[in-house]
Amino acid sequence: MNVASRFRTLPETGDRVQFTLDGALATAPAGVTVAAALLAHSGAWTRRTAQGAPRTAYCMMGVCFDCLVEVDGTPNTQACMTLLREGMSVRRQTGLRDLNGGHCGRG
Amino acid sequence: MHQRTPEITIVGGGLVGLSVALGLLFSGRRVRVLDGADCDARASQGNFGLIWGQGKGANFAPYAHWTMDALAAWPGFAQQLQELSGIDVALDQSGGYEFFTDPSEMDAFKAELEQQAAHLGGRAIYEMLYGDDLRSQLKGIGPDVVGASFSPGDGHVNPLRFLRALRCSVQAMGGRVTLGATVAAIRPQLGGGFALALADGEVAFTEQVIVCAGLGAATLARDLGFITQVRPQLGELLITEKLGDRLPFLSSTIRQVDEGGVQIGGTKANAGLDDRETLPIMSKLAHHAVTVFPALADVRVVRAWGALRVMSPDGYPVYAKSGPNPGAFLVTCHSGVTLAPLHASVLAKWILNTSATPDLEAFDECRFALSHAA
């Protein structure tokens with residue numbers, strides 16, 4: 001479950017919610033942000049910049065924009081400012097978003 | 001280390017001051033640039049990066065020609081900066097649009113373009129595009145746009161990279177740029193030259209002084225006997241998240257930065273030195289952008305700011321030599337980006353009074369003398 005991540009969640013006391021990351025099922029404690037869920041999931045990169053550099057959540061307070069992911073089809077969503085909800089579809093981003101809402105580099 | 005007294009000191013290290021400095025360095029002069037404090041009103045750090053000719057000088061032929069000269073000089077100037085500084089200013093001069101949603105505003109601007117063309121003769125190239133003709137040429141323009149003017153010589157640069165390229169070029173040419181050096185007073189010396197009193201107490205001497213301090217020029221210029229009164233004009237801007245697509249157009253109010261973000265602006269207000277952005281104007285800008293190009297509707301705004309334009313009483317540049325204090329000059333203008341190639345060449349030669357200098361008398365401040373006396 002949290003095999004690769006160096007982030008550990010607090011002792012779990014409540015419900016868990018289910019979401020998908022790039023189509024694969026994952027879970028996280030209820031009430032966390034998307035960024036916290038992603039860090040606990042694997043800690044791996046969650047977006048690549050226009051130059052291809054890997055990034056993931058950093059400031060956790062809405063400032064650095066390194067946690068941008070696609071949430072339910074909306075690109076460039078700040079994962080640290082978005083609460084995780086049951087059934088959410090989260091996708092990692094590669095490059096910049098397009099005008100039509102998709103993002104570059106996705107097939 | 002002993003530093004020789006600079007022949008020429010430029011007060012103001014923004015786009016205008018650095019451009020003039022570069023031109024003087026090209027002519028082999030020793031130049032020092034004194035730049036003010038970070039918190040000063042800096043048009044050079046808040047602007048839109050346009051290189052724009054449409055409608056400029058409709059009521060003032062010298063300005064119409066001066067602007068056209070600048071547009072023509074930009075490609076070579078960008079190349080020069082690249083060679084000196086290694087910085088690509090992202091010049092894109094593939095033409096610009098002015099969009100209209102109100103037919104009477106479009107008619108009024110058409111009249112201005114015609115008047116500008118009357119001054120420029122064959123140098124003026126523009127076309128008016130209406131309704132569906134425009135939409136068939138330019139995919140994605142909204143249904144409420146009644147038309148647009150297009151001029152093929154207009155363009156833009158990345159304004160912050162341009163500022164850095166200028167500063168690095170000045171330094172590469174041997175110019176001294178001192179930051180955080182606010183000039184509190186300029187005192188003409190008996191026997192010639194000037195003493196510059198800096199805010200930190202230092203006094204610097206110079207043979208000639210050129211005031212290029214934007215809004216900061218107000219008191220310095222007056223103390224040297226200049227009559228030009230510059231005033232601030234607030235412009236507000238939005239910038240969006242970066243897009244992977246390129247917008248199919250550049251307009252005077254909507255431009256895509258080479259790095260992908262879309263900058264939206266063009267408002268004008270008189271708010272004194274208050275450069276804060278306001279929610280009603282931000283909303284108006286967003287509405288305008290979506291009216292022109294509806295695909296921007298779901299694009300997020302990530303920053304907004306206000307910046308102060310530097311306006312002379314009639315909006316045209318001022319290039320003035322001091323009568324009472326020979327060796328003192330005032331250079332101020334709103335179009336510090338557009339006119340930069342000329343400030344770094346023709347204007348510098350005019351300041352140096354070298355032979356075959358062009359006649360820039362039209363931009364002298366004596367044109368304001370009557371209105372002040374009235």
# chains A, B, ... in the order shown; residues from 1 in each chain; ligands from 1

$ interface_residues --of "chain B" --to "chain A" --cutoff "8 Å" --atoms "only C-alpha atoms" --output "list in words"
Lys242, Leu243, Gly244, Asp245, Ala295, Leu296, Asp298 and Val299 of chain B

$ write_last_selection --atoms "C-alpha atoms" --output "compact mmCIF listing (two decimals), in the first residue's frame"
# COMPACT_ATOMS: atom_id res chain seq x y z
CA LYS B 242 0.75 28.50 -18.69
CA LEU B 243 -0.76 26.85 -21.73
CA GLY B 244 0.78 24.29 -24.03
CA ASP B 245 -1.06 25.76 -27.03
CA ALA B 295 -11.63 29.25 -25.15
CA LEU B 296 -9.92 31.20 -22.35
CA ASP B 298 -11.74 27.85 -18.10
CA VAL B 299 -8.15 29.06 -17.94

$ residues_around --residues "Asp22 in chain A" --least-positions-apart "4" --cutoff "8 Å" --atoms "only C-alpha atoms" --output "list of chain:residue names"
A:Ser89, A:Val90, A:Arg91, A:Arg92

$ closest_residue --among "B:Ala362, B:Leu220, B:Leu247, B:Ala307" --to "Gln233 in chain B" --atoms "only C-alpha atoms"
B:Ala307

$ residues_around --residues "range 92-97 of chain B" --least-positions-apart "3" --cutoff "9 Å" --atoms "only C-alpha atoms" --output "list in words"
Ile51, Trp52, Gln54, Leu71, Trp74, Pro75, Ala148, Ser149, Phe150, Ser151, Pro152, Gly153, Asp154, Gly155, His156, Val157, Phe249, Leu250, Ser251, Ser252 and Asp258 of chain B

$ residues_around --residues "Ala61 in chain B" --least-positions-apart "3" --cutoff "9 Å" --atoms "only C-alpha atoms" --output "PyMOL selection string"
chain B and resi 57-58+64-66+116+118-120
